[in-house]
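J.: Okay, so here is final.tsv, and as you'll see once you scroll down, it has TSV, C-alpha atoms.
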chain	number	residue	atom	x	y	z
A	1	MET	CA	-27.44	-5.13	3.41
A	2	GLU	CA	-25.48	-8.30	3.89
A	3	GLN	CA	-22.85	-8.64	6.54
A	4	ILE	CA	-19.49	-7.18	5.54
A	5	GLY	CA	-17.25	-10.19	5.17
A	6	LEU	CA	-13.87	-11.16	3.84
A	7	ASN	CA	-14.74	-10.85	0.17
A	8	GLN	CA	-15.70	-7.18	0.41
A	9	TYR	CA	-12.32	-6.27	1.87
A	10	LEU	CA	-10.57	-8.36	-0.77
A	11	MET	CA	-12.42	-6.43	-3.47
A	12	VAL	CA	-11.13	-3.16	-2.04
A	13	GLY	CA	-7.64	-4.59	-1.97
A	14	SER	CA	-7.91	-5.74	-5.57
A	15	VAL	CA	-9.16	-2.34	-6.79
A	16	LEU	CA	-6.21	-0.66	-5.05
A	17	PHE	CA	-3.83	-3.18	-6.59
A	18	VAL	CA	-5.14	-2.80	-10.14
A	19	ALA	CA	-5.17	1.00	-9.84
A	20	GLY	CA	-1.56	0.89	-8.69
A	21	VAL	CA	-0.49	-1.38	-11.53
A	22	VAL	CA	-2.20	0.78	-14.17
A	23	CYS	CA	-0.64	3.88	-12.55
A	24	MET	CA	2.81	2.28	-12.71
A	25	ALA	CA	2.32	1.29	-16.32
A	26	THR	CA	0.85	4.47	-17.76
A	27	LYS	CA	2.32	7.43	-15.91
A	28	ARG	CA	5.13	9.29	-17.62
A	29	ASN	CA	6.04	11.25	-14.52
A	30	GLY	CA	8.50	9.30	-12.39
A	31	ILE	CA	6.83	10.43	-9.18
A	32	GLY	CA	3.53	9.15	-10.55
A	33	VAL	CA	5.07	5.72	-10.98
A	34	LEU	CA	6.12	5.81	-7.32
A	35	MET	CA	2.56	6.65	-6.30
A	36	GLY	CA	1.46	3.54	-8.16
A	37	VAL	CA	3.89	1.48	-6.13
A	38	GLU	CA	2.39	2.87	-2.93
A	39	LEU	CA	-1.09	1.93	-4.10
A	40	VAL	CA	-0.01	-1.64	-4.87
A	41	LEU	CA	1.54	-2.07	-1.44
A	42	ASN	CA	-1.56	-0.68	0.23
A	43	GLY	CA	-3.73	-3.14	-1.67
A	44	ALA	CA	-1.64	-6.00	-0.32
A	45	ASN	CA	-1.84	-4.53	3.18
A	46	VAL	CA	-5.63	-4.38	3.06
A	47	ASN	CA	-5.59	-8.06	2.14
A	48	PHE	CA	-3.34	-8.92	5.06
A	49	VAL	CA	-5.43	-7.06	7.62
A	50	ALA	CA	-8.67	-8.53	6.24
A	51	PHE	CA	-7.31	-12.05	6.49
A	52	SER	CA	-6.10	-11.30	10.00
A	53	ARG	CA	-9.62	-10.36	11.05
A	54	PHE	CA	-11.76	-12.87	9.20
A	55	THR	CA	-9.72	-16.05	9.00
A	56	ALA	CA	-7.48	-18.00	11.30
A	57	LEU	CA	-4.42	-16.00	10.28
A	58	GLY	CA	-4.74	-14.08	13.52
A	59	LEU	CA	-2.29	-11.45	14.67
A	60	ASP	CA	0.35	-12.51	12.12
A	61	GLY	CA	-1.49	-10.66	9.39
A	62	GLN	CA	-1.23	-7.37	11.25
A	63	ILE	CA	2.45	-7.97	12.07
A	64	VAL	CA	3.26	-8.59	8.42
A	65	SER	CA	1.29	-5.51	7.38
A	66	LEU	CA	3.38	-3.43	9.79
A	67	PHE	CA	6.52	-4.75	8.15
A	68	VAL	CA	5.06	-3.95	4.73
A	69	ILE	CA	4.37	-0.34	5.81
A	70	VAL	CA	7.94	0.09	7.05
A	71	LEU	CA	9.51	-1.45	3.97
A	72	ALA	CA	7.31	0.57	1.63
A	73	ALA	CA	8.39	3.79	3.31
A	74	ALA	CA	12.05	2.81	3.02
A	75	GLU	CA	11.61	1.90	-0.64
A	76	ALA	CA	9.85	5.20	-1.36
A	77	ALA	CA	12.80	7.08	0.14
A	78	VAL	CA	15.38	5.29	-1.99
A	79	ALA	CA	13.25	5.53	-5.13
A	80	LEU	CA	12.82	9.26	-4.64
A	81	ALA	CA	16.57	9.67	-4.19
A	82	ILE	CA	17.07	7.87	-7.50
A	83	ALA	CA	14.43	10.07	-9.13
A	84	LEU	CA	16.25	13.17	-7.87
A	85	CYS	CA	19.51	11.89	-9.36
A	86	PHE	CA	17.73	11.29	-12.64
A	87	TYR	CA	16.34	14.80	-12.57
A	88	ASN	CA	19.76	16.26	-11.81
A	89	ASN	CA	21.24	14.52	-14.83
A	90	HIS	CA	18.49	14.95	-17.38
A	91	LEU	CA	16.61	18.02	-16.10
A	92	THR	CA	13.34	16.17	-16.62
A	93	ILE	CA	11.35	13.62	-14.64
A	94	ASP	CA	9.74	12.16	-17.74
A	95	VAL	CA	10.47	8.44	-17.70
A	96	ASP	CA	10.26	8.25	-21.47
A	97	ARG	CA	13.46	10.32	-21.65
A	98	GLY	CA	15.40	7.68	-19.74
A	99	ASP	CA	16.58	5.80	-22.81
A	100	ASP	CA	20.35	6.11	-22.51
A	101	LEU	CA	20.69	2.35	-22.14
A	102	LYS	CA	18.47	1.65	-25.13
A	103	GLY	CA	20.05	-0.87	-27.48
B	1	MET	CA	-23.02	1.38	16.85
B	2	SER	CA	-22.48	-1.96	15.22
B	3	ASP	CA	-25.36	-1.42	12.84
B	4	MET	CA	-23.52	1.57	11.40
B	5	GLN	CA	-20.60	-0.64	10.47
B	6	PRO	CA	-21.79	-1.65	6.99
B	7	MET	CA	-22.49	1.98	6.10
B	8	LEU	CA	-19.11	3.07	7.45
B	9	PHE	CA	-17.46	0.29	5.49
B	10	TRP	CA	-19.12	1.39	2.26
B	11	ILE	CA	-18.16	5.02	2.88
B	12	PHE	CA	-14.51	4.18	3.49
B	13	ALA	CA	-14.34	1.58	0.74
B	14	SER	CA	-15.83	3.86	-1.90
B	15	ALA	CA	-13.55	6.70	-0.82
B	16	THR	CA	-10.55	4.40	-1.13
B	17	CYS	CA	-11.47	2.98	-4.52
B	18	LEU	CA	-12.62	6.25	-6.09
B	19	ALA	CA	-9.55	8.11	-4.85
B	20	ALA	CA	-7.28	5.35	-6.17
B	21	ILE	CA	-8.94	5.57	-9.58
B	22	ALA	CA	-8.60	9.36	-9.40
B	23	VAL	CA	-4.87	8.93	-8.83
B	24	VAL	CA	-4.69	7.02	-12.11
B	25	ILE	CA	-6.87	9.40	-14.09
B	26	THR	CA	-5.48	12.76	-12.97
B	27	GLN	CA	-2.82	14.27	-15.19
B	28	ASN	CA	-1.52	16.84	-12.72
B	29	VAL	CA	0.98	15.19	-10.40
B	30	VAL	CA	0.21	17.49	-7.46
B	31	ARG	CA	-3.46	16.51	-7.59
B	32	MET	CA	-2.41	12.87	-7.79
B	33	ALA	CA	-0.64	13.34	-4.46
B	34	PHE	CA	-3.82	14.78	-2.94
B	35	TRP	CA	-5.95	11.87	-4.11
B	36	LEU	CA	-3.32	9.51	-2.77
B	37	ILE	CA	-3.70	11.14	0.65
B	38	VAL	CA	-7.48	10.63	0.50
B	39	SER	CA	-7.07	6.99	-0.53
B	40	LEU	CA	-4.51	6.12	2.14
B	41	GLY	CA	-6.49	7.90	4.83
B	42	SER	CA	-9.61	5.92	3.92
B	43	VAL	CA	-7.58	2.71	4.08
B	44	ALA	CA	-6.64	3.70	7.63
B	45	GLY	CA	-10.34	4.10	8.33
B	46	LEU	CA	-10.91	0.57	7.03
B	47	TYR	CA	-8.23	-0.71	9.37
B	48	PHE	CA	-9.92	0.94	12.35
B	49	LEU	CA	-13.24	-0.63	11.32
B	50	VAL	CA	-11.68	-4.08	11.33
B	51	GLY	CA	-10.24	-3.54	14.79
B	52	ALA	CA	-6.60	-3.20	13.81
B	53	ASP	CA	-6.05	-0.01	15.73
B	54	PHE	CA	-2.24	-0.02	15.82
B	55	VAL	CA	-1.96	-0.77	12.11
B	56	GLY	CA	-4.43	2.00	11.36
B	57	ALA	CA	-2.54	4.54	13.45
B	58	THR	CA	0.74	3.45	11.86
B	59	GLN	CA	-0.81	3.79	8.41
B	60	LEU	CA	-1.87	7.35	9.16
B	61	MET	CA	1.45	8.36	10.65
B	62	ILE	CA	3.82	6.72	8.22
B	63	TYR	CA	1.90	6.81	4.96
B	64	VAL	CA	-0.12	9.99	5.12
B	65	GLY	CA	2.26	11.82	7.40
B	66	GLY	CA	5.52	10.54	5.96
B	67	THR	CA	5.53	8.88	2.60
B	68	VAL	CA	3.11	11.22	0.86
B	69	VAL	CA	4.95	14.24	2.26
B	70	LEU	CA	8.11	12.71	0.82
B	71	LEU	CA	6.39	12.30	-2.54
B	72	ILE	CA	5.24	15.91	-2.47
B	73	PHE	CA	8.80	16.99	-1.77
B	74	GLY	CA	9.86	14.98	-4.79
B	75	VAL	CA	7.18	16.66	-6.88
B	76	MET	CA	8.32	20.08	-5.71
B	77	LEU	CA	11.94	19.37	-6.55
B	78	THR	CA	11.37	17.85	-9.97
B	79	ALA	CA	8.33	19.52	-11.45
B	80	SER	CA	9.01	22.94	-12.86
B	81	GLY	CA	6.64	24.82	-15.10
B	82	SER	CA	5.77	22.83	-18.16
B	83	TYR	CA	6.80	19.52	-16.65
B	84	ILE	CA	4.00	19.37	-14.10
B	85	LYS	CA	1.51	18.16	-16.66
B	86	ILE	CA	2.95	15.53	-18.96
B	87	GLN	CA	0.19	14.64	-21.37
B	88	ALA	CA	-0.60	11.16	-22.59
B	89	SER	CA	-2.60	10.64	-25.75
B	90	PRO	CA	-6.30	9.70	-25.39
B	91	ALA	CA	-5.83	6.44	-27.25
B	92	GLU	CA	-3.34	5.32	-24.62
B	93	GLY	CA	-5.89	6.26	-22.01
B	94	PHE	CA	-8.55	3.99	-23.49
B	95	LEU	CA	-6.11	1.13	-23.84
B	96	ALA	CA	-4.95	1.52	-20.24
B	97	ALA	CA	-8.53	1.68	-18.97
B	98	GLY	CA	-9.46	-1.44	-20.92
B	99	VAL	CA	-6.49	-3.42	-19.68
B	100	GLY	CA	-7.09	-2.22	-16.14
B	101	ILE	CA	-10.75	-3.19	-16.13
B	102	LEU	CA	-9.92	-6.58	-17.58
B	103	PHE	CA	-7.26	-7.17	-14.95
B	104	LEU	CA	-9.69	-6.14	-12.20
B	105	VAL	CA	-12.35	-8.53	-13.51
B	106	VAL	CA	-9.84	-11.39	-13.56
B	107	ILE	CA	-8.68	-10.76	-10.01
B	108	THR	CA	-12.17	-10.21	-8.64
B	109	ALA	CA	-13.57	-13.32	-10.26
B	110	SER	CA	-10.76	-15.53	-9.01
B	111	VAL	CA	-11.04	-14.12	-5.48
B	112	ALA	CA	-14.82	-14.46	-5.33
B	113	GLU	CA	-14.64	-18.10	-6.35
B	114	VAL	CA	-12.58	-19.22	-3.37
B	115	ASP	CA	-14.49	-20.71	-0.47
B	116	TRP	CA	-12.43	-19.45	2.45
B	117	VAL	CA	-14.47	-21.09	5.21
B	118	GLY	CA	-14.53	-24.46	3.47
B	119	ALA	CA	-10.81	-24.34	2.81
B	120	HIS	CA	-10.11	-23.60	6.46
B	121	GLU	CA	-12.31	-26.47	7.57
B	122	LYS	CA	-10.50	-28.79	5.22
B	123	LEU	CA	-7.18	-27.65	6.67
B	124	VAL	CA	-8.35	-28.22	10.23
B	125	ALA	CA	-9.81	-31.62	9.32
B	126	GLY	CA	-6.54	-32.53	7.63
B	127	GLY	CA	-4.71	-32.14	10.88
B	128	VAL	CA	-2.83	-28.88	10.39
B	129	GLU	CA	-1.75	-27.77	13.80
B	130	GLY	CA	-0.09	-24.82	15.36
B	131	GLY	CA	-1.57	-21.36	15.22
B	132	PHE	CA	-5.02	-22.07	13.84
B	133	SER	CA	-7.31	-20.75	16.51
B	134	GLY	CA	-10.40	-20.98	14.29
B	135	GLU	CA	-11.81	-17.52	14.57
B	136	GLY	CA	-10.14	-14.41	13.28
B	137	TYR	CA	-8.23	-12.08	15.53
B	138	ASN	CA	-10.82	-10.18	17.49
B	139	PRO	CA	-9.73	-9.11	20.97
B	140	LYS	CA	-12.30	-8.75	23.72
B	141	GLU	CA	-12.09	-4.98	23.72
B	142	GLN	CA	-12.35	-3.64	20.21
B	143	GLY	CA	-8.87	-2.68	19.18
B	144	ASN	CA	-6.30	-3.15	21.90
B	145	THR	CA	-3.81	-4.78	19.59
B	146	VAL	CA	-0.84	-2.73	20.74
B	147	ARG	CA	0.19	-5.01	23.60
B	148	PRO	CA	0.10	-8.33	21.69
B	149	LEU	CA	1.92	-6.69	18.78
B	150	GLY	CA	4.57	-5.33	21.13
B	151	PHE	CA	5.07	-8.72	22.72
B	152	SER	CA	5.36	-10.40	19.34
B	153	PHE	CA	8.03	-7.96	18.22
B	154	LEU	CA	9.96	-8.85	21.37
B	155	GLY	CA	9.78	-12.54	20.53
B	156	MET	CA	6.92	-13.67	22.78
B	157	ARG	CA	3.47	-14.66	21.63
B	158	THR	CA	0.55	-14.96	24.02
B	159	ASP	CA	-2.34	-15.69	21.68
B	160	SER	CA	-1.06	-18.54	19.52
B	161	GLY	CA	1.66	-21.12	19.38
B	162	ASN	CA	3.71	-19.30	16.81
B	163	GLY	CA	7.06	-17.83	17.64
B	164	GLY	CA	7.74	-14.15	17.89
B	165	TYR	CA	9.01	-11.77	15.26
B	166	LEU	CA	12.15	-10.56	16.95
B	167	LEU	CA	14.55	-11.38	14.11
B	168	PRO	CA	12.54	-9.61	11.38
B	169	PHE	CA	12.18	-6.64	13.73
B	170	GLU	CA	15.95	-6.33	14.14
B	171	ILE	CA	16.55	-6.86	10.44
B	172	VAL	CA	14.08	-4.11	9.58
B	173	SER	CA	15.82	-1.77	12.02
B	174	VAL	CA	19.16	-2.31	10.31
B	175	HIS	CA	17.42	-2.03	6.96
B	176	LEU	CA	16.05	1.38	7.90
B	177	LEU	CA	19.50	2.55	8.93
B	178	VAL	CA	20.98	1.41	5.63
B	179	VAL	CA	18.18	3.06	3.65
B	180	LEU	CA	18.65	6.29	5.57
B	181	ILE	CA	22.35	6.43	4.81
B	182	GLY	CA	21.91	5.32	1.22
B	183	ALA	CA	19.14	7.77	0.37
B	184	ALA	CA	20.98	10.65	2.02
B	185	TYR	CA	24.10	9.84	0.03
B	186	LEU	CA	22.23	9.40	-3.25
B	187	ALA	CA	20.32	12.65	-2.92
B	188	ARG	CA	23.23	14.80	-1.75
B	189	ALA	CA	23.71	18.21	-3.28
B	190	LYS	CA	25.50	17.91	-6.57
B	191	LYS	CA	26.20	20.27	-9.37
B	192	ARG	CA	23.16	20.29	-11.60
B	193	VAL	CA	23.67	19.76	-15.34
B	194	ASP	CA	23.27	23.04	-17.18
B	195	SER	CA	20.58	23.07	-19.83
B	196	ASN	CA	22.45	24.34	-22.88
Take the structure from the file and write it as C-alpha cells.
T.:
Amino acid sequence: MEQIGLNQYLMVGSVLFVAGVVCMATKRNGIGVLMGVELVLNGANVNFVAFSRFTALGLDGQIVSLFVIVLAAAEAAVALAIALCFYNNHLTIDVDRGDDLKG
Amino acid sequence: MSDMQPMLFWIFASATCLAAIAVVITQNVVRMAFWLIVSLGSVAGLYFLVGADFVGATQLMIYVGGTVVLLIFGVMLTASGSYIKIQASPAEGFLAAGVGILFLVVITASVAEVDWVGAHEKLVAGGVEGGFSGEGYNPKEQGNTVRPLGFSFLGMRTDSGNGGYLLPFEIVSVHLLVVLIGAAYLARAKKRVDSN
C-alpha cells in the first residue's frame, strides 16, 4: 500500500464537499439542507488540515480550520433560528413550501 | 505503530465518505443526523492521524458535541408526525446521483492533476519568502500543537515569520457574541400560527 499522501486527504475532502452540495440541493427538509452545509464546511476543513501537514502551509492551515469550525457553528445557530421562525409561520419545514416571494 | 497508519487512514476515510453519502441518501432526517455524527467523528479521527490534535479535539467538541446536538434540537422542534419523512421522487434521486458523481469526478480529476511538490519547488526557486519552511507542520512530538496555536492566537508566532492571528481571534469573539444575541432573539417564544 502506497504511502498516504496529500492527494488521499484531498479525495476525502472532495467527497465530503460533493456530498454536502448534493445534500443542499436535493433535500426538502430545511434541517437536511443545514446538514449539507456542515458537510461542505468539513470538506474544506479536511483540505486545510491536509495542506497544513503535507505542504509548506504549516500551522496556518490549522489556525484557519479552527476559525472555520467556529464560524460554522455560529452559522448553524443562526440558520436554525431562521428555520424555527419559518416553522412557526408555516407549520412545515418543507423548503418547497417557502414560495411566498415567488414572482 | 506507524505501519498501522495507512490502515487507520483507510478505516477513517471510508467511514467519513460512506457516512457522508448515507447522509445524502437517507430520507429520515433523524437518521441523517446520526450519519452526520459518524462522518464528523471520523473526520476528527483523520485530524488526529495527521497530528493536528487540537483541531481534532475541537472538531469533536464543537461539531459532534455542539452543532449536531443543535441540529437534533431543530429536528425535534420542527418534525412532527408525517413531516419527518418528506419523500422525493425516484427520478429526482437518479438525477441527483448522476450530477453528484459527475461533480465528484470533475473535482477529483482536477485535484489529482496538480503537482504539489513541483509547484512548491517552483515557488521557492522563484524567490517567494516568508513562511515557507519547506516541510509540512510536523512537531517533534506527535501532536503538541496546542502551545503554538495558543501563541499564534495571542499574536506571536514561534515557528515561522508570519504574524499572529490576534485580530481575527478578537473579531470572531465579537462575532460569536452577536450570533448568540441574534439567534436568541430570532428564536424567542412567539405565538404559533394556528393551523385552520
J.: Tell me, as a short mmCIF file (atom, residue, chain, number, x, y, z; two decimals) with C-alpha atoms, in the frame of the given file, which residues lie within 9 Å of Ser152 in chain B, counting all atoms listed in the file; anything in the same chain fewer than 5 positions away does not count.
T.:
data_model
loop_
_atom_site.label_atom_id
_atom_site.label_comp_id
_atom_site.auth_asym_id
_atom_site.auth_seq_id
_atom_site.Cartn_x
_atom_site.Cartn_y
_atom_site.Cartn_z
CA ILE A 63 2.45 -7.97 12.07
CA ARG B 147 0.19 -5.01 23.60
CA ARG B 157 3.47 -14.66 21.63
CA THR B 158 0.55 -14.96 24.02
CA GLY B 163 7.06 -17.83 17.64
CA GLY B 164 7.74 -14.15 17.89
CA TYR B 165 9.01 -11.77 15.26
CA LEU B 166 12.15 -10.56 16.95
#
J.: Quick one: distance from CA of Phe12 in chain B to CA of Ser42 in chain B in Å, one decimal?
T.: 5.2 Å
J.: Looking at only C-alpha atoms, which of B:Leu102, B:Ile21, B:Phe34, B:Ala91 is the one that sits closest to chain A?
T.: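 When distances to chain A are compared using only C-alpha atoms, the smallest one comes from B:Ile21.
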J.: Select all residues from chain A having any atom no more than 7 Å from an atom of chain B (counting all atoms listed in the file, ignoring ligands), output as a PDB file with C-alpha atoms, in the frame of the given file.
T.:
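Ended up saving to result_35.pdb:
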ATOM      1  CA  ILE A   4     -19.490  -7.180   5.540  1.00  0.00           C
ATOM      2  CA  ASN A   7     -14.740 -10.850   0.170  1.00  0.00           C
ATOM      3  CA  MET A  11     -12.420  -6.430  -3.470  1.00  0.00           C
ATOM      4  CA  VAL A  12     -11.130  -3.160  -2.040  1.00  0.00           C
ATOM      5  CA  SER A  14      -7.910  -5.740  -5.570  1.00  0.00           C
ATOM      6  CA  VAL A  15      -9.160  -2.340  -6.790  1.00  0.00           C
ATOM      7  CA  LEU A  16      -6.210  -0.660  -5.050  1.00  0.00           C
ATOM      8  CA  VAL A  18      -5.140  -2.800 -10.140  1.00  0.00           C
ATOM      9  CA  ALA A  19      -5.170   1.000  -9.840  1.00  0.00           C
ATOM     10  CA  VAL A  22      -2.200   0.780 -14.170  1.00  0.00           C
ATOM     11  CA  CYS A  23      -0.640   3.880 -12.550  1.00  0.00           C
ATOM     12  CA  THR A  26       0.850   4.470 -17.760  1.00  0.00           C
ATOM     13  CA  ARG A  28       5.130   9.290 -17.620  1.00  0.00           C
ATOM     14  CA  ASN A  29       6.040  11.250 -14.520  1.00  0.00           C
ATOM     15  CA  ILE A  31       6.830  10.430  -9.180  1.00  0.00           C
ATOM     16  CA  GLY A  32       3.530   9.150 -10.550  1.00  0.00           C
ATOM     17  CA  SER A  52      -6.100 -11.300  10.000  1.00  0.00           C
ATOM     18  CA  ARG A  53      -9.620 -10.360  11.050  1.00  0.00           C
ATOM     19  CA  PHE A  54     -11.760 -12.870   9.200  1.00  0.00           C
ATOM     20  CA  THR A  55      -9.720 -16.050   9.000  1.00  0.00           C
ATOM     21  CA  ALA A  56      -7.480 -18.000  11.300  1.00  0.00           C
ATOM     22  CA  LEU A  57      -4.420 -16.000  10.280  1.00  0.00           C
ATOM     23  CA  GLY A  58      -4.740 -14.080  13.520  1.00  0.00           C
ATOM     24  CA  LEU A  59      -2.290 -11.450  14.670  1.00  0.00           C
ATOM     25  CA  GLN A  62      -1.230  -7.370  11.250  1.00  0.00           C
ATOM     26  CA  ILE A  63       2.450  -7.970  12.070  1.00  0.00           C
ATOM     27  CA  LEU A  66       3.380  -3.430   9.790  1.00  0.00           C
ATOM     28  CA  ALA A  73       8.390   3.790   3.310  1.00  0.00           C
ATOM     29  CA  ALA A  74      12.050   2.810   3.020  1.00  0.00           C
ATOM     30  CA  ALA A  76       9.850   5.200  -1.360  1.00  0.00           C
ATOM     31  CA  ALA A  77      12.800   7.080   0.140  1.00  0.00           C
ATOM     32  CA  VAL A  78      15.380   5.290  -1.990  1.00  0.00           C
ATOM     33  CA  LEU A  80      12.820   9.260  -4.640  1.00  0.00           C
ATOM     34  CA  ALA A  81      16.570   9.670  -4.190  1.00  0.00           C
ATOM     35  CA  ILE A  82      17.070   7.870  -7.500  1.00  0.00           C
ATOM     36  CA  LEU A  84      16.250  13.170  -7.870  1.00  0.00           C
ATOM     37  CA  CYS A  85      19.510  11.890  -9.360  1.00  0.00           C
ATOM     38  CA  TYR A  87      16.340  14.800 -12.570  1.00  0.00           C
ATOM     39  CA  ASN A  88      19.760  16.260 -11.810  1.00  0.00           C
ATOM     40  CA  ASN A  89      21.240  14.520 -14.830  1.00  0.00           C
ATOM     41  CA  ILE A  93      11.350  13.620 -14.640  1.00  0.00           C
TER      42      ILE A  93
END
J.: So how many Å separate CA of Lys102 in chain A and CA of His90 in chain A, to one decimal?
T.: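 Those two atoms sit 15.4 Å apart.
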J.: If we count all atoms listed in the file and set the cut-off at 8 Å, which residues sit around Asn47 in chain A, ignoring sequence neighbours fewer than 5 positions away in its own chain? Please answer as a ChimeraX atom specification.
T.: /A:9-10,13
J.: Hey, can you check how far CA of Trp35 in chain B sits from CA of Gly61 in chain A?
T.: 26.6 Å
J.: Considering only C-alpha atoms, can you say which of B:Met4, B:Ile11, B:Val64, B:Met76 comes closest to Glu38 in chain A?
T.: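 Using only C-alpha atoms, Glu38 in chain A sits closest to B:Val64.
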J.: Which is closer to Val49 in chain A than all the others in B:Leu8, B:Ala15, B:Val38, B:Leu49, using all atoms listed in the file?
T.: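 For Val49 in chain A, the nearest of the candidates is B:Leu49.
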J.: Applying 8 Å and all atoms listed in the file, which residues near Asn45 in chain A remain after dropping the ones on its own chain fewer than 5 positions away? List them as a PDB file with C-alpha atoms, in the frame of the given file.
T.:
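So the final result, stored in out-v9.pdb, reads:
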ATOM      1  CA  GLY A  13      -7.640  -4.590  -1.970  1.00  0.00           C
ATOM      2  CA  SER A  65       1.290  -5.510   7.380  1.00  0.00           C
ATOM      3  CA  VAL A  68       5.060  -3.950   4.730  1.00  0.00           C
ATOM      4  CA  ILE A  69       4.370  -0.340   5.810  1.00  0.00           C
TER       5      ILE A  69
END
J.: Pick out the residues sitting within 7 Å of Gly20 in chain A, and hand them over as number ranges by chain; count only C-alpha atoms, and ignore anything fewer than 5 positions along from it in its own chain.
T.: A: 36-37, 39-40
J.: For the residues in the current selection, export C-alpha atoms as a short mmCIF file (atom, residue, chain, number, x, y, z; two decimals), in the coordinates of the input.
T.:
data_model
loop_
_atom_site.label_atom_id
_atom_site.label_comp_id
_atom_site.auth_asym_id
_atom_site.auth_seq_id
_atom_site.Cartn_x
_atom_site.Cartn_y
_atom_site.Cartn_z
CA GLY A 36 1.46 3.54 -8.16
CA VAL A 37 3.89 1.48 -6.13
CA LEU A 39 -1.09 1.93 -4.10
CA VAL A 40 -0.01 -1.64 -4.87
#
